[in-house]
Amino acid sequence: MKTLRELFRNSGFSLGAAVLFVLVVLALLSFFSPYDPTEWRVVLRDMPPSWEHPLGTNSMGQDVFWRIAFAARNSLIVAVSGSIISRAIAVTVGLVAGYSGGIADRVLMFISDGFMVIPLFLILVLLAMLIREHMNLVNMALLFGIVGWPWDTRLIRSQILSLREREFTYTAILSGTPTRKLIFNEYIPFIIPLVLATFINHMAFVVGMEMTLALIGLTDLTIPTLGAMLKWALSYEAILLGLWWWLLTPIVVAVALFVALYLVSVSISEYLDPRARIQRVGAR
């Protein structure tokens, strides 16, 4: 609670958190939608924003407001799920490599470096092409989670290497403390802030990659996501038809999400910066 109070004193964090809250509320509204997101021609087509349809309707006969609610929900689900999977892999590999050292460290870092050498976008495109017919929300989350761990694994490993050389580690080992207890009681609390910061960054990465894959036709466009919504708007030439509300809605929501995640991530990084921490202590 004390940490949250200090974070909310940062205007950037407060603004980012407020935008994320609005987007989460928008996503939750999808559960109360009067329309099925997979059905077409449920409302009049190409209607501009009005009291009945706040964000207008599209050429597919769908209400854009409720469509963006489903898109925000699904994109957030994929982003959060993919980030959880990648953080779980990164923490596990980083802990094992950093604490064990030796052959285990070299093998795991060799695998990690192999992922980092190959352009990530090419890996995503190739894997997406292989499972193109099965690119549902679960498989998208797994895909983004599996390819998104190597970069942050090195950060976690370096933190564990530093912790392993500290006096409390030697004291715990000499006193017979089990390795599992040492890791969960002593190491995990140190790396949680780092994991949280990289978690938010990875969410932005997942949203961006999902939109990119959708635009090149490598996701299931029947599932409403920010990328799928933008793809349909471009496919129906919404900008040429003057349907600005259809094209602008997913762009505005995506930009708002990126900006919010960036502000929250930067604020957390600043809070974790040792120099900033010394300044806060000195100010008190």
# chains A, B, ... in the order shown; residues from 1 in each chain; ligands from 1
>>> residues_around(residues="stretch 47-61 of chain A", least_positions_apart="6", cutoff="10 Å", atoms="only C-alpha atoms", output="list in words")
Glu39, Trp40, Arg41, Arg67, Ile68, Trp232, Ala233, Tyr236, Glu237, Ala238, Leu241, Gly242, Leu243, Trp244, Trp245, Trp246, Leu247, Leu248 and Thr249 of chain A
>>> write_last_selection(atoms="N, CA and C atoms", output="PDB file, in the first residue's frame")
ATOM      1  N   GLU A  39     -21.696 -11.968 -35.184  1.00  0.00           N
ATOM      2  CA  GLU A  39     -22.794 -11.839 -36.136  1.00  0.00           C
ATOM      3  C   GLU A  39     -22.689 -10.540 -36.927  1.00  0.00           C
ATOM      4  N   TRP A  40     -23.097 -10.595 -38.180  1.00  0.00           N
ATOM      5  CA  TRP A  40     -23.118  -9.433 -39.058  1.00  0.00           C
ATOM      6  C   TRP A  40     -24.577  -8.978 -39.261  1.00  0.00           C
ATOM      7  N   ARG A  41     -24.703  -7.748 -39.733  1.00  0.00           N
ATOM      8  CA  ARG A  41     -25.996  -7.159 -40.106  1.00  0.00           C
ATOM      9  C   ARG A  41     -27.007  -7.200 -38.963  1.00  0.00           C
ATOM     10  N   ARG A  67     -18.325  -3.435 -30.520  1.00  0.00           N
ATOM     11  CA  ARG A  67     -17.229  -4.141 -31.186  1.00  0.00           C
ATOM     12  C   ARG A  67     -15.900  -3.813 -30.525  1.00  0.00           C
ATOM     13  N   ILE A  68     -15.660  -2.531 -30.210  1.00  0.00           N
ATOM     14  CA  ILE A  68     -14.390  -2.136 -29.591  1.00  0.00           C
ATOM     15  C   ILE A  68     -14.322  -2.648 -28.155  1.00  0.00           C
ATOM     16  N   TRP A 232     -10.302  -5.136 -40.589  1.00  0.00           N
ATOM     17  CA  TRP A 232     -11.593  -5.084 -41.272  1.00  0.00           C
ATOM     18  C   TRP A 232     -11.878  -3.683 -41.796  1.00  0.00           C
ATOM     19  N   ALA A 233     -11.549  -2.667 -41.002  1.00  0.00           N
ATOM     20  CA  ALA A 233     -11.785  -1.283 -41.432  1.00  0.00           C
ATOM     21  C   ALA A 233     -10.977  -0.957 -42.680  1.00  0.00           C
ATOM     22  N   TYR A 236     -12.370  -2.891 -45.816  1.00  0.00           N
ATOM     23  CA  TYR A 236     -13.590  -2.304 -46.371  1.00  0.00           C
ATOM     24  C   TYR A 236     -13.383  -0.852 -46.822  1.00  0.00           C
ATOM     25  N   GLU A 237     -12.116  -0.403 -46.814  1.00  0.00           N
ATOM     26  CA  GLU A 237     -11.758   0.941 -47.271  1.00  0.00           C
ATOM     27  C   GLU A 237     -12.580   2.005 -46.546  1.00  0.00           C
ATOM     28  N   ALA A 238     -12.580   1.905 -45.223  1.00  0.00           N
ATOM     29  CA  ALA A 238     -13.375   2.817 -44.414  1.00  0.00           C
ATOM     30  C   ALA A 238     -12.963   4.274 -44.610  1.00  0.00           C
ATOM     31  N   LEU A 241     -14.477   5.607 -47.811  1.00  0.00           N
ATOM     32  CA  LEU A 241     -15.924   5.748 -47.701  1.00  0.00           C
ATOM     33  C   LEU A 241     -16.342   6.814 -46.703  1.00  0.00           C
ATOM     34  N   GLY A 242     -15.354   7.410 -46.027  1.00  0.00           N
ATOM     35  CA  GLY A 242     -15.661   8.442 -45.042  1.00  0.00           C
ATOM     36  C   GLY A 242     -16.136   7.905 -43.712  1.00  0.00           C
ATOM     37  N   LEU A 243     -15.910   6.619 -43.463  1.00  0.00           N
ATOM     38  CA  LEU A 243     -16.315   6.015 -42.185  1.00  0.00           C
ATOM     39  C   LEU A 243     -15.192   6.177 -41.163  1.00  0.00           C
ATOM     40  N   TRP A 244     -14.893   7.425 -40.846  1.00  0.00           N
ATOM     41  CA  TRP A 244     -13.750   7.725 -39.983  1.00  0.00           C
ATOM     42  C   TRP A 244     -13.891   7.114 -38.597  1.00  0.00           C
ATOM     43  N   TRP A 245     -15.143   7.008 -38.106  1.00  0.00           N
ATOM     44  CA  TRP A 245     -15.351   6.475 -36.758  1.00  0.00           C
ATOM     45  C   TRP A 245     -14.961   5.003 -36.665  1.00  0.00           C
ATOM     46  N   TRP A 246     -15.114   4.262 -37.745  1.00  0.00           N
ATOM     47  CA  TRP A 246     -14.763   2.837 -37.753  1.00  0.00           C
ATOM     48  C   TRP A 246     -13.246   2.664 -37.713  1.00  0.00           C
ATOM     49  N   LEU A 247     -12.531   3.467 -38.504  1.00  0.00           N
ATOM     50  CA  LEU A 247     -11.076   3.354 -38.557  1.00  0.00           C
ATOM     51  C   LEU A 247     -10.414   3.993 -37.347  1.00  0.00           C
ATOM     52  N   LEU A 248     -10.950   5.116 -36.894  1.00  0.00           N
ATOM     53  CA  LEU A 248     -10.307   5.870 -35.823  1.00  0.00           C
ATOM     54  C   LEU A 248     -10.449   5.198 -34.463  1.00  0.00           C
ATOM     55  N   THR A 249     -11.551   4.489 -34.242  1.00  0.00           N
ATOM     56  CA  THR A 249     -11.805   3.903 -32.918  1.00  0.00           C
ATOM     57  C   THR A 249     -10.716   2.928 -32.480  1.00  0.00           C
TER      58      THR A 249
END
>>> residues_around(residues="A:Val19", least_positions_apart="3", cutoff="8 Å", atoms="only C-alpha atoms", output="list in words")
Leu15, Gly16, Val22, Leu23, Ala256, Leu257 and Ala260 of chain A
>>> write_last_selection(atoms="C-alpha atoms", output="PDB file, in the first residue's frame")
ATOM      1  CA  LEU A  15      -2.581   9.206 -15.722  1.00  0.00           C
ATOM      2  CA  GLY A  16      -1.481   5.826 -17.082  1.00  0.00           C
ATOM      3  CA  VAL A  22     -11.048   3.107 -18.343  1.00  0.00           C
ATOM      4  CA  LEU A  23      -9.941   0.472 -20.855  1.00  0.00           C
ATOM      5  CA  ALA A 256      -4.252   5.083 -25.479  1.00  0.00           C
ATOM      6  CA  LEU A 257      -3.243   1.604 -24.347  1.00  0.00           C
ATOM      7  CA  ALA A 260      -0.835   4.173 -20.623  1.00  0.00           C
TER       8      ALA A 260
END
>>> select_by_dssp(residues="stretch 30-262 of chain A", states="helix (DSSP H, G or I)", output="number ranges by chain")
A: 30-32, 64-100, 102-117, 120-130, 132-134, 137-147, 150-164, 167-174, 179-215, 226-235, 244-262
>>> residues_around(residues="A:Leu28", least_positions_apart="2", cutoff="12 Å", atoms="only C-alpha atoms", output="ChimeraX atom specification")
/A:21-26,30-33,66,68-74,76-77
>>> write_last_selection(atoms="N, CA, C and O atoms", output="tab-separated table (two decimals), in the first residue's frame")
chain	number	residue	atom	x	y	z
A	21	PHE	N	-7.56	1.88	-16.35
A	21	PHE	CA	-8.81	1.60	-15.66
A	21	PHE	C	-10.00	1.78	-16.61
A	21	PHE	O	-10.92	0.95	-16.64
A	22	VAL	N	-9.97	2.86	-17.38
A	22	VAL	CA	-11.05	3.11	-18.34
A	22	VAL	C	-11.11	1.99	-19.38
A	22	VAL	O	-12.21	1.51	-19.73
A	23	LEU	N	-9.97	1.54	-19.86
A	23	LEU	CA	-9.94	0.47	-20.86
A	23	LEU	C	-10.43	-0.85	-20.27
A	23	LEU	O	-11.09	-1.63	-20.96
A	24	VAL	N	-10.10	-1.10	-19.01
A	24	VAL	CA	-10.58	-2.33	-18.36
A	24	VAL	C	-12.10	-2.27	-18.20
A	24	VAL	O	-12.80	-3.27	-18.43
A	25	VAL	N	-12.62	-1.10	-17.82
A	25	VAL	CA	-14.08	-0.94	-17.71
A	25	VAL	C	-14.74	-1.16	-19.07
A	25	VAL	O	-15.78	-1.83	-19.17
A	26	LEU	N	-14.12	-0.60	-20.12
A	26	LEU	CA	-14.64	-0.81	-21.48
A	26	LEU	C	-14.66	-2.29	-21.82
A	26	LEU	O	-15.64	-2.80	-22.39
A	30	SER	N	-18.20	-5.46	-22.32
A	30	SER	CA	-18.50	-6.42	-23.38
A	30	SER	C	-19.37	-7.56	-22.88
A	30	SER	O	-20.10	-8.18	-23.66
A	31	PHE	N	-19.30	-7.84	-21.57
A	31	PHE	CA	-20.12	-8.92	-21.02
A	31	PHE	C	-21.61	-8.55	-21.00
A	31	PHE	O	-22.46	-9.41	-20.79
A	32	PHE	N	-21.91	-7.27	-21.18
A	32	PHE	CA	-23.30	-6.81	-21.17
A	32	PHE	C	-23.76	-6.39	-22.56
A	32	PHE	O	-24.77	-5.71	-22.71
A	33	SER	N	-23.02	-6.78	-23.58
A	33	SER	CA	-23.35	-6.40	-24.94
A	33	SER	C	-24.67	-7.04	-25.39
A	33	SER	O	-24.89	-8.23	-25.16
A	66	TRP	N	-19.76	-1.52	-29.21
A	66	TRP	CA	-19.71	-2.86	-28.62
A	66	TRP	C	-18.62	-3.70	-29.25
A	66	TRP	O	-18.02	-4.56	-28.60
A	68	ILE	N	-15.66	-2.53	-30.21
A	68	ILE	CA	-14.39	-2.14	-29.59
A	68	ILE	C	-14.32	-2.65	-28.16
A	68	ILE	O	-13.23	-2.91	-27.64
A	69	ALA	N	-15.48	-2.81	-27.51
A	69	ALA	CA	-15.47	-3.38	-26.15
A	69	ALA	C	-14.96	-4.82	-26.18
A	69	ALA	O	-14.11	-5.21	-25.36
A	70	PHE	N	-15.45	-5.61	-27.13
A	70	PHE	CA	-14.95	-6.99	-27.27
A	70	PHE	C	-13.49	-7.00	-27.69
A	70	PHE	O	-12.70	-7.83	-27.21
A	71	ALA	N	-13.12	-6.09	-28.60
A	71	ALA	CA	-11.74	-6.04	-29.07
A	71	ALA	C	-10.79	-5.69	-27.92
A	71	ALA	O	-9.71	-6.30	-27.79
A	72	ALA	N	-11.16	-4.72	-27.09
A	72	ALA	CA	-10.32	-4.34	-25.96
A	72	ALA	C	-10.19	-5.49	-24.98
A	72	ALA	O	-9.10	-5.78	-24.46
A	73	ARG	N	-11.30	-6.20	-24.73
A	73	ARG	CA	-11.25	-7.33	-23.80
A	73	ARG	C	-10.33	-8.43	-24.30
A	73	ARG	O	-9.45	-8.91	-23.56
A	74	ASN	N	-10.48	-8.81	-25.56
A	74	ASN	CA	-9.67	-9.90	-26.09
A	74	ASN	C	-8.20	-9.52	-26.20
A	74	ASN	O	-7.31	-10.34	-25.92
A	76	LEU	N	-6.60	-7.36	-24.32
A	76	LEU	CA	-6.05	-7.35	-22.96
A	76	LEU	C	-5.84	-8.76	-22.44
A	76	LEU	O	-4.86	-9.04	-21.74
A	77	ILE	N	-6.76	-9.66	-22.75
A	77	ILE	CA	-6.61	-11.06	-22.32
A	77	ILE	C	-5.35	-11.67	-22.92
A	77	ILE	O	-4.56	-12.32	-22.23
>>> atom_distance(atom1="atom CA of A:Pro250", atom2="atom CA of A:Met140")
19.1 Å
>>> atom_distance(atom1="atom CA of A:Ile146", atom2="atom CA of A:Ser86")
6.0 Å
>>> residues_around(residues="A:Val125", least_positions_apart="2", cutoff="10 Å", atoms="only C-alpha atoms", output="VMD selection string")
chain A and resid 120 to 123 127 to 130 132 209 212 to 213 216 218
>>> decode(residues="stretch 48-79 of chain A", atoms="N, CA, C and O atoms", output="PDB file, in the first residue's frame")
ATOM      1  N   PRO A  48     -23.396   7.000 -38.894  1.00  0.00           N
ATOM      2  CA  PRO A  48     -22.467   7.819 -38.109  1.00  0.00           C
ATOM      3  C   PRO A  48     -22.819   7.771 -36.623  1.00  0.00           C
ATOM      4  O   PRO A  48     -23.894   7.283 -36.238  1.00  0.00           O
ATOM      5  N   PRO A  49     -21.916   8.242 -35.764  1.00  0.00           N
ATOM      6  CA  PRO A  49     -22.202   8.253 -34.317  1.00  0.00           C
ATOM      7  C   PRO A  49     -23.519   8.961 -34.002  1.00  0.00           C
ATOM      8  O   PRO A  49     -23.832  10.005 -34.573  1.00  0.00           O
ATOM      9  N   SER A  50     -24.270   8.366 -33.077  1.00  0.00           N
ATOM     10  CA  SER A  50     -25.561   8.921 -32.661  1.00  0.00           C
ATOM     11  C   SER A  50     -25.819   8.482 -31.224  1.00  0.00           C
ATOM     12  O   SER A  50     -25.021   7.773 -30.608  1.00  0.00           O
ATOM     13  N   TRP A  51     -26.970   8.902 -30.680  1.00  0.00           N
ATOM     14  CA  TRP A  51     -27.306   8.494 -29.318  1.00  0.00           C
ATOM     15  C   TRP A  51     -27.508   6.979 -29.245  1.00  0.00           C
ATOM     16  O   TRP A  51     -27.164   6.351 -28.264  1.00  0.00           O
ATOM     17  N   GLU A  52     -28.078   6.417 -30.308  1.00  0.00           N
ATOM     18  CA  GLU A  52     -28.325   4.974 -30.319  1.00  0.00           C
ATOM     19  C   GLU A  52     -27.034   4.190 -30.503  1.00  0.00           C
ATOM     20  O   GLU A  52     -26.852   3.129 -29.904  1.00  0.00           O
ATOM     21  N   HIS A  53     -26.137   4.720 -31.339  1.00  0.00           N
ATOM     22  CA  HIS A  53     -24.849   4.082 -31.604  1.00  0.00           C
ATOM     23  C   HIS A  53     -23.748   5.125 -31.376  1.00  0.00           C
ATOM     24  O   HIS A  53     -23.391   5.866 -32.306  1.00  0.00           O
ATOM     25  N   PRO A  54     -23.220   5.221 -30.148  1.00  0.00           N
ATOM     26  CA  PRO A  54     -22.269   6.295 -29.797  1.00  0.00           C
ATOM     27  C   PRO A  54     -21.050   6.383 -30.698  1.00  0.00           C
ATOM     28  O   PRO A  54     -20.526   7.473 -30.926  1.00  0.00           O
ATOM     29  N   LEU A  55     -20.596   5.254 -31.230  1.00  0.00           N
ATOM     30  CA  LEU A  55     -19.432   5.252 -32.115  1.00  0.00           C
ATOM     31  C   LEU A  55     -19.815   4.824 -33.530  1.00  0.00           C
ATOM     32  O   LEU A  55     -18.960   4.426 -34.325  1.00  0.00           O
ATOM     33  N   GLY A  56     -21.093   4.901 -33.857  1.00  0.00           N
ATOM     34  CA  GLY A  56     -21.548   4.570 -35.189  1.00  0.00           C
ATOM     35  C   GLY A  56     -21.587   3.069 -35.442  1.00  0.00           C
ATOM     36  O   GLY A  56     -21.418   2.250 -34.529  1.00  0.00           O
ATOM     37  N   THR A  57     -21.814   2.715 -36.703  1.00  0.00           N
ATOM     38  CA  THR A  57     -21.819   1.313 -37.107  1.00  0.00           C
ATOM     39  C   THR A  57     -20.867   1.141 -38.291  1.00  0.00           C
ATOM     40  O   THR A  57     -20.482   2.109 -38.947  1.00  0.00           O
ATOM     41  N   ASN A  58     -20.505  -0.088 -38.586  1.00  0.00           N
ATOM     42  CA  ASN A  58     -19.577  -0.344 -39.682  1.00  0.00           C
ATOM     43  C   ASN A  58     -20.287  -0.961 -40.878  1.00  0.00           C
ATOM     44  O   ASN A  58     -21.502  -1.184 -40.858  1.00  0.00           O
ATOM     45  N   SER A  59     -19.523  -1.244 -41.906  1.00  0.00           N
ATOM     46  CA  SER A  59     -20.096  -1.807 -43.142  1.00  0.00           C
ATOM     47  C   SER A  59     -20.512  -3.257 -42.980  1.00  0.00           C
ATOM     48  O   SER A  59     -21.129  -3.826 -43.886  1.00  0.00           O
ATOM     49  N   MET A  60     -20.181  -3.855 -41.853  1.00  0.00           N
ATOM     50  CA  MET A  60     -20.563  -5.241 -41.584  1.00  0.00           C
ATOM     51  C   MET A  60     -21.860  -5.310 -40.784  1.00  0.00           C
ATOM     52  O   MET A  60     -22.297  -6.394 -40.398  1.00  0.00           O
ATOM     53  N   GLY A  61     -22.448  -4.150 -40.520  1.00  0.00           N
ATOM     54  CA  GLY A  61     -23.684  -4.119 -39.757  1.00  0.00           C
ATOM     55  C   GLY A  61     -23.476  -4.403 -38.287  1.00  0.00           C
ATOM     56  O   GLY A  61     -24.303  -5.069 -37.653  1.00  0.00           O
ATOM     57  N   GLN A  62     -22.389  -3.894 -37.707  1.00  0.00           N
ATOM     58  CA  GLN A  62     -22.083  -4.086 -36.291  1.00  0.00           C
ATOM     59  C   GLN A  62     -21.936  -2.746 -35.602  1.00  0.00           C
ATOM     60  O   GLN A  62     -21.473  -1.765 -36.207  1.00  0.00           O
ATOM     61  N   ASP A  63     -22.321  -2.695 -34.345  1.00  0.00           N
ATOM     62  CA  ASP A  63     -22.159  -1.486 -33.545  1.00  0.00           C
ATOM     63  C   ASP A  63     -20.689  -1.348 -33.155  1.00  0.00           C
ATOM     64  O   ASP A  63     -20.120  -2.243 -32.518  1.00  0.00           O
ATOM     65  N   VAL A  64     -20.071  -0.240 -33.529  1.00  0.00           N
ATOM     66  CA  VAL A  64     -18.632  -0.063 -33.313  1.00  0.00           C
ATOM     67  C   VAL A  64     -18.290   0.007 -31.829  1.00  0.00           C
ATOM     68  O   VAL A  64     -17.246  -0.501 -31.400  1.00  0.00           O
ATOM     69  N   PHE A  65     -19.172   0.603 -31.011  1.00  0.00           N
ATOM     70  CA  PHE A  65     -18.883   0.702 -29.577  1.00  0.00           C
ATOM     71  C   PHE A  65     -18.769  -0.686 -28.948  1.00  0.00           C
ATOM     72  O   PHE A  65     -17.808  -0.980 -28.229  1.00  0.00           O
ATOM     73  N   TRP A  66     -19.756  -1.524 -29.213  1.00  0.00           N
ATOM     74  CA  TRP A  66     -19.709  -2.858 -28.616  1.00  0.00           C
ATOM     75  C   TRP A  66     -18.618  -3.702 -29.247  1.00  0.00           C
ATOM     76  O   TRP A  66     -18.019  -4.564 -28.596  1.00  0.00           O
ATOM     77  N   ARG A  67     -18.325  -3.435 -30.520  1.00  0.00           N
ATOM     78  CA  ARG A  67     -17.229  -4.141 -31.186  1.00  0.00           C
ATOM     79  C   ARG A  67     -15.900  -3.813 -30.525  1.00  0.00           C
ATOM     80  O   ARG A  67     -15.074  -4.698 -30.280  1.00  0.00           O
ATOM     81  N   ILE A  68     -15.660  -2.531 -30.210  1.00  0.00           N
ATOM     82  CA  ILE A  68     -14.390  -2.136 -29.591  1.00  0.00           C
ATOM     83  C   ILE A  68     -14.322  -2.648 -28.155  1.00  0.00           C
ATOM     84  O   ILE A  68     -13.226  -2.913 -27.640  1.00  0.00           O
ATOM     85  N   ALA A  69     -15.480  -2.814 -27.511  1.00  0.00           N
ATOM     86  CA  ALA A  69     -15.475  -3.375 -26.153  1.00  0.00           C
ATOM     87  C   ALA A  69     -14.956  -4.816 -26.181  1.00  0.00           C
ATOM     88  O   ALA A  69     -14.112  -5.205 -25.358  1.00  0.00           O
ATOM     89  N   PHE A  70     -15.450  -5.611 -27.127  1.00  0.00           N
ATOM     90  CA  PHE A  70     -14.954  -6.985 -27.266  1.00  0.00           C
ATOM     91  C   PHE A  70     -13.487  -6.999 -27.689  1.00  0.00           C
ATOM     92  O   PHE A  70     -12.702  -7.829 -27.213  1.00  0.00           O
ATOM     93  N   ALA A  71     -13.123  -6.089 -28.595  1.00  0.00           N
ATOM     94  CA  ALA A  71     -11.737  -6.037 -29.073  1.00  0.00           C
ATOM     95  C   ALA A  71     -10.785  -5.691 -27.924  1.00  0.00           C
ATOM     96  O   ALA A  71      -9.714  -6.299 -27.791  1.00  0.00           O
ATOM     97  N   ALA A  72     -11.158  -4.717 -27.090  1.00  0.00           N
ATOM     98  CA  ALA A  72     -10.315  -4.339 -25.956  1.00  0.00           C
ATOM     99  C   ALA A  72     -10.187  -5.495 -24.975  1.00  0.00           C
ATOM    100  O   ALA A  72      -9.096  -5.778 -24.459  1.00  0.00           O
ATOM    101  N   ARG A  73     -11.295  -6.197 -24.734  1.00  0.00           N
ATOM    102  CA  ARG A  73     -11.253  -7.334 -23.798  1.00  0.00           C
ATOM    103  C   ARG A  73     -10.328  -8.430 -24.302  1.00  0.00           C
ATOM    104  O   ARG A  73      -9.455  -8.915 -23.563  1.00  0.00           O
ATOM    105  N   ASN A  74     -10.482  -8.810 -25.558  1.00  0.00           N
ATOM    106  CA  ASN A  74      -9.671  -9.901 -26.093  1.00  0.00           C
ATOM    107  C   ASN A  74      -8.199  -9.519 -26.200  1.00  0.00           C
ATOM    108  O   ASN A  74      -7.315 -10.339 -25.923  1.00  0.00           O
ATOM    109  N   SER A  75      -7.917  -8.292 -26.607  1.00  0.00           N
ATOM    110  CA  SER A  75      -6.520  -7.855 -26.704  1.00  0.00           C
ATOM    111  C   SER A  75      -5.863  -7.821 -25.332  1.00  0.00           C
ATOM    112  O   SER A  75      -4.695  -8.206 -25.179  1.00  0.00           O
ATOM    113  N   LEU A  76      -6.597  -7.361 -24.318  1.00  0.00           N
ATOM    114  CA  LEU A  76      -6.046  -7.346 -22.962  1.00  0.00           C
ATOM    115  C   LEU A  76      -5.844  -8.762 -22.435  1.00  0.00           C
ATOM    116  O   LEU A  76      -4.860  -9.036 -21.741  1.00  0.00           O
ATOM    117  N   ILE A  77      -6.761  -9.662 -22.752  1.00  0.00           N
ATOM    118  CA  ILE A  77      -6.611 -11.061 -22.322  1.00  0.00           C
ATOM    119  C   ILE A  77      -5.349 -11.668 -22.921  1.00  0.00           C
ATOM    120  O   ILE A  77      -4.558 -12.319 -22.227  1.00  0.00           O
ATOM    121  N   VAL A  78      -5.149 -11.459 -24.217  1.00  0.00           N
ATOM    122  CA  VAL A  78      -3.961 -12.001 -24.880  1.00  0.00           C
ATOM    123  C   VAL A  78      -2.700 -11.362 -24.306  1.00  0.00           C
ATOM    124  O   VAL A  78      -1.697 -12.055 -24.052  1.00  0.00           O
ATOM    125  N   ALA A  79      -2.720 -10.039 -24.092  1.00  0.00           N
ATOM    126  CA  ALA A  79      -1.541  -9.338 -23.581  1.00  0.00           C
ATOM    127  C   ALA A  79      -1.175  -9.814 -22.180  1.00  0.00           C
ATOM    128  O   ALA A  79      -0.002 -10.098 -21.893  1.00  0.00           O
TER     129      ALA A  79
END
